[in-house]
Amino acid sequence: MSKTYYAHSKDGPPQTEWQSLDMHLKNVANTARHFAESFDAADWGYLAGLWHDVGKYSQAFQDYLRHENNLDASMETAAERQDHSSAGAQYAVSSVPILGHLLAYAIAGHHSGLLNGRDVGACQEIRLNKSVHPWQHGLKFLPPFTNIEPPQCLRNALSKRDGFSAAFFLRMIFSCLVDADFLDTEGFMKPEQAALRGGWPGNILEQMDNALTGFVHALDPEDTLVNRQRALARQACLTAATRAPGLFSLSVPTGGGKTLASLAFALQHAMRNGLRRIIYVIPLTSIIEQNAEVFREALRPVEEMLGRDVVLEHHSNLDPEKETETNRLATENWDSPLIVTTSVQFYESLFANRTSRCRKLHRLARSVIILDEAQTLPVDYLKPCLRALEELTTNYRASVVICTATQPAIKRREGFEIGLREPFEIIPNTVELYDRLRRVRVKDIGEQYDQDLCERIMSESKVLCVVNTKAHARKLFEAIGADNGHFHLSGNMCPAHRSERLERIREYLKKGSVCRVISTQVIEAGVDIDFPVVFRSLAGLDSIAQAAGRCNRNGTLPEGGSVHIFRSEHKNSERFFADTAQCAGQILSLHDNPLDPEAIERYFKLYYWDQSARWDEKKVMDETFLINDPDFPFNIGYARIAKKFQLIDESDYCPVIIPWGDKGRVLCERLRAMSAPTLDIRRQLQRFIVQIPRRVWRRHANTSIQLIHDGISVLASPEIHYSNDTGLTLEAEGPGAIFA
């Protein structure tokens with residue numbers, strides 16, 4: 001009778017109920033193979049899964065399990081936790097010439113994360129040369145290895161010596177492996193939790209499409225020019241959906257109905273081409289919350305029938321009242337037919353090295369990925385981001401839709417060789433559409449001192465003024481004076497507070513009451529409000545276009561809305577916006593209407609296309625090498641890439657929890673009473689957080705800011721430092737005040 005080796009144990013049950021190692025390896029191998037089939041790499045997923053835990057066949061690991069479960073009284077000293085992943089990595093290298101080194105990265109990192117190839121500290125090369133406990137007697141339990149062929153995408157990468165493409169392929173295999181490993185381990189250790197995941201009906205996309213069609217037909221909008229153009233945009237999306245997967249562009253002005261139209265395209269396109277899910281990538285959390293609500297309302301019949309969410313929001317400010325346990329589990333690996341997430345979550349995951357961030361990546365294969373306002377990508381990360389999108393459309397059967405209110409600023413052209421290849425434009429004649437949806441008049445009113453600007457604002461009964469900094473927004477709001485119809489919005493207000501203010505603004509506009517709003521750019525993209533007059537401090541033309549989208553949004557004003565562009569007197573505090581504002585200023589001097597497609601094209605030429613020195617400012621692309629060393633042919637800096645690729649540098653900011661409103665106060669009281677914060681309380685508190693500069697946090701720590709637990713701080717005296725009008729007031733000036 002052969003000895004049984006174990007992969008996992010449980011406290012309490014006898015050893016005979018532990019999970020056998022051969023069962024775990026086969027389960028993970030088969031699941032990883034299924035995941036990798038979507039990009040023609042089934043054998044790679046299978047071998048990664050089959051070999052990832054072979055180090056557990058060592059007697060040292062089996063002794064460790066027995067000791068952890070108090071089954072070996074003869075062991076006088078605690079057994080050390082065993083490195084069981086290096087053995088599988090070494091076996092992959094010895095079994096598969098050259099290509100085994102790629103598999104080895106995934107296997108070695110399936111707990112700790114993908115490593116740097118060569119480094120002064122922990123790295124892949126050290127793991128491959130590390131002494132490991134004997135385990136090879138376990139080979140008799142494994143299916144014999146025959147051969148493994150590279151899929152076409154990897155063949156192409158090797159023939160072109162394209163290190164980025166090879167590194168991307170391995171990252172996708174890593175995703176398949178770690179997700180399969182997590183799922184099988186969860187199935188054994190937490191079967192009740194695993195049961196919540198469940199599966200989706202085979203016709204889930206068809207059900208969603210039927211619900212969306214019924215929802216749109218039931219809207220019965222007024223017969224206005226704007227609504228007619230929205231209907232035409234939707235029809236163009238349905239027509240284009242019949243095309244094969246690839247790269248698409250949906251250029252629709254703000255207010256042109258692109259949210260529902262793009263979803264209609266995605267559902268039809270996915271059904272016709274055997275794609276599996278839709279991933280909606282949005283630059284700002286505030287837009288995600290609104291778009292997800294629109295999607296959820298449209299797809300409610302499906303959710304009610306299935307008794308579960310089909311719309312998965314994945315962002316930090318998710319209201320826990322919308323979150324179920326099933327929903328939370330789905331965020332771990334994006335097992336949902338419709339995911340709505342942030343640009344930061346999407347792109348940083350593509351360049352991450354940790355298992356938790358990479359686990360969902362294989363879900364991108366055979367998906368429709370809609371990039372809302374893709375031109376908001378920072379110049380300094382353009383090259384790696386665009387290259388990753390090319391990989392997804394070229395090698396992973398994904399369709400990418402560049403969904404924009406301006407134009408495809410990131411497509412390839414002369415002088416912009418890193419751009420995406422020519423996308424298929426869904427709207428047949430975008431210039432005509434922009435002309436038909438022209439709802440505003442844009443006027444440059446030059447430099448405006450705050451006093452003059454306030455007089456202009458007070459002369460209007462319904463007006464929105466968008467400025468670039470929190471400090472400026474607060475000063476203007478205080479200058480126009482207190483009134484029930486005066487509102488302020490900025491990042492100094494926690495998300496729950498901003499949501500409440502937006503609802504009140506909509507109520508005032510609907511009633512026809514006086515409504516004057518001073519805001520930072522948190523109000524611009526995706527917030528469905530409609531003013532006859534908008535003032536916008538000089539910024540990038542894409543930001544100006546978004547502000548204009550809050551003006552005469554539904555096209556009901558016979559003479560059109562009025563958008564006034566001005567130059568703020570607070571130039572020193574607006575240095576952060578200098579690049580985009582300078583480019584926009586040049587365009588304003590050349591074009592009567594800066595929102596014309598020709599003007600927008602000139603703007604992006606100045607801001608994106610002529611800045612080649614900054615396209616990969618962090619040198620991310622320099623971290624993937626194919627080198628002429630048969631003993632170590634792939635030197636990929638996975639950990640360095642993850643460290644370099646940070647769209648938002650969170651290290652400069654600290655979160656402060658605001659006890660705002662009844663719910664915020666109750667949550668903070670619960671937090672103080674806990675010995676340690678639970679995951680549930682952390683999630684609920686996300687809606688009550690304001691990020692502040694670290695230097696400000698340090699100045700007020702243990703005085704105005706109370707440290708409750710490690711890494712968690714609460715505003716101690718909200719009655720002093722948090723205004724119901726303007727939010728947090730710890731500091732109104734300085735560099736920390738520039739952000740929205």
# chains A, B, ... in the order shown; residues from 1 in each chain; ligands from 1
$ residues_around --residues "Arg354 (chain A)" --least-positions-apart "5" --cutoff "8 Å" --atoms "only C-alpha atoms" --output "short mmCIF file (atom, residue, chain, number, x, y, z; two decimals) with N, CA, C and O atoms, in the first residue's frame"
data_model
loop_
_atom_site.label_atom_id
_atom_site.label_comp_id
_atom_site.auth_asym_id
_atom_site.auth_seq_id
_atom_site.Cartn_x
_atom_site.Cartn_y
_atom_site.Cartn_z
N SER A 112 4.29 33.84 -3.23
CA SER A 112 4.95 35.11 -2.91
C SER A 112 4.76 36.19 -3.96
O SER A 112 4.97 37.37 -3.70
N GLY A 113 4.35 35.79 -5.17
CA GLY A 113 4.23 36.74 -6.27
C GLY A 113 5.37 36.56 -7.26
O GLY A 113 6.41 35.97 -6.94
N LEU A 114 5.17 37.07 -8.46
CA LEU A 114 6.20 36.96 -9.49
C LEU A 114 7.45 37.73 -9.07
O LEU A 114 7.38 38.89 -8.65
#
$ residues_around --residues "region 46-51 of chain A" --least-positions-apart "4" --cutoff "7 Å" --atoms "only C-alpha atoms" --output "JSON, numbers by chain"
{"A": [25, 26, 28, 29, 30, 32, 33, 42, 88, 103, 107, 177]}
$ closest_residue --among "A:Ala231, A:Leu538, A:Ile600, A:Ala266" --to "Thr404 (chain A)" --atoms "only C-alpha atoms"
A:Ile600
$ select_by_dssp --residues "region 385-532 of chain A" --states "alpha helix (DSSP H)" --output "PyMOL selection string"
chain A and resi 385-395+430-436+450-458+470-480+495-511
$ residues_around --residues "Arg277 (chain A)" --least-positions-apart "2" --cutoff "12 Å" --atoms "only C-alpha atoms" --output "MDAnalysis selection string"
chainID A and resid 200 202:206 208 263 266:271 273:275 279:280 310:312 334:340 362:370 397:399
$ residues_around --residues "region 185-189 of chain A" --least-positions-apart "2" --cutoff "8 Å" --atoms "only C-alpha atoms" --output "PyMOL selection string"
chain A and resi 8+10+19+24+181-183+191+193-195
$ write_last_selection --atoms "N, CA and C atoms" --output "CSV table (one decimal), in the first residue's frame"
chain,number,residue,atom,x,y,z
A,8,HIS,N,-3.2,19.7,2.0
A,8,HIS,CA,-3.8,20.6,3.0
A,8,HIS,C,-4.4,19.8,4.1
A,10,LYS,N,-6.8,20.2,7.9
A,10,LYS,CA,-7.8,20.9,8.7
A,10,LYS,C,-7.7,20.6,10.1
A,19,GLN,N,-6.7,16.8,2.5
A,19,GLN,CA,-6.7,16.7,1.0
A,19,GLN,C,-5.4,16.1,0.5
A,24,HIS,N,-5.1,17.3,-5.3
A,24,HIS,CA,-5.0,18.8,-5.4
A,24,HIS,C,-4.2,19.2,-6.7
A,181,ASP,N,-5.5,27.5,-8.1
A,181,ASP,CA,-5.0,27.1,-6.8
A,181,ASP,C,-5.9,27.6,-5.7
A,182,PHE,N,-6.2,28.9,-5.7
A,182,PHE,CA,-7.1,29.5,-4.7
A,182,PHE,C,-8.4,28.7,-4.7
A,183,LEU,N,-9.0,28.5,-5.9
A,183,LEU,CA,-10.3,27.9,-5.9
A,183,LEU,C,-10.3,26.5,-5.4
A,191,PRO,N,-15.7,24.9,2.1
A,191,PRO,CA,-16.7,24.5,1.1
A,191,PRO,C,-17.9,25.4,1.1
A,193,GLN,N,-18.1,28.6,1.6
A,193,GLN,CA,-17.8,29.8,0.8
A,193,GLN,C,-17.7,29.5,-0.6
A,194,ALA,N,-17.0,28.4,-1.0
A,194,ALA,CA,-16.9,28.0,-2.4
A,194,ALA,C,-18.2,27.8,-3.0
A,195,ALA,N,-19.2,27.3,-2.3
A,195,ALA,CA,-20.5,27.1,-2.9
A,195,ALA,C,-21.2,28.3,-3.3
$ residues_around --residues "Pro630 (chain A)" --least-positions-apart "3" --cutoff "12 Å" --atoms "only C-alpha atoms" --output "list in words"
Val93, Ser94, Val96, Pro97, Ile98, Leu99, Gly100, His101, Leu626, Ile627, Pro633, Phe634 and Asn635 of chain A
$ write_last_selection --atoms "C-alpha atoms" --output "PDB file, in the first residue's frame"
ATOM      1  CA  VAL A  93      13.513  24.155 -15.922  1.00  0.00           C
ATOM      2  CA  SER A  94      15.071  20.668 -15.967  1.00  0.00           C
ATOM      3  CA  VAL A  96      11.448  21.754 -20.548  1.00  0.00           C
ATOM      4  CA  PRO A  97      14.492  23.289 -22.266  1.00  0.00           C
ATOM      5  CA  ILE A  98      14.434  27.115 -22.437  1.00  0.00           C
ATOM      6  CA  LEU A  99      10.639  27.500 -22.148  1.00  0.00           C
ATOM      7  CA  GLY A 100      10.637  25.818 -18.755  1.00  0.00           C
ATOM      8  CA  HIS A 101      12.123  29.033 -17.374  1.00  0.00           C
ATOM      9  CA  LEU A 626      15.313  37.930 -23.670  1.00  0.00           C
ATOM     10  CA  ILE A 627      19.014  37.277 -23.179  1.00  0.00           C
ATOM     11  CA  PRO A 633      17.074  33.072 -20.992  1.00  0.00           C
ATOM     12  CA  PHE A 634      14.333  35.309 -19.531  1.00  0.00           C
ATOM     13  CA  ASN A 635      15.392  38.101 -17.198  1.00  0.00           C
TER      14      ASN A 635
END
$ closest_residue --among "A:Thr726, A:Gln345, A:Glu414, A:Asn572" --to "Leu476 (chain A)" --atoms "only C-alpha atoms"
A:Thr726
$ atom_distance --atom1 "CA of Ala496 (chain A)" --atom2 "CA of Asp662 (chain A)"
11.3 Å
$ select_by_dssp --residues "region 494-681 of chain A" --states "strand (DSSP E or B)" --output "ChimeraX atom specification"
/A:515-519,531,533-537,551,561-568,624-626,634-637,653-657
$ closest_residue --among "A:Arg553, A:Ser675, A:Val620, A:Pro150" --to "Thr224 (chain A)" --atoms "only C-alpha atoms"
A:Arg553
$ closest_residue --among "A:Glu669, A:Val467, A:Gly246, A:Lys411" --to "Glu601 (chain A)" --atoms "only C-alpha atoms"
A:Lys411
$ residues_around --residues "Gln521 (chain A)" --least-positions-apart "6" --cutoff "8 Å" --atoms "only C-alpha atoms" --output "NGL selection string"
:A and (466-468 or 490 or 543 or 740)
$ atom_distance --atom1 "CA of Asp528 (chain A)" --atom2 "CA of Val690 (chain A)"
23.2 Å
$ closest_residue --among "A:Arg536, A:His314, A:Arg516, A:Arg441" --to "Arg683 (chain A)" --atoms "only C-alpha atoms"
A:His314
$ closest_residue --among "A:Ala244, A:Cys454, A:Leu420, A:Val440" --to "Asp596 (chain A)" --atoms "only C-alpha atoms"
A:Val440
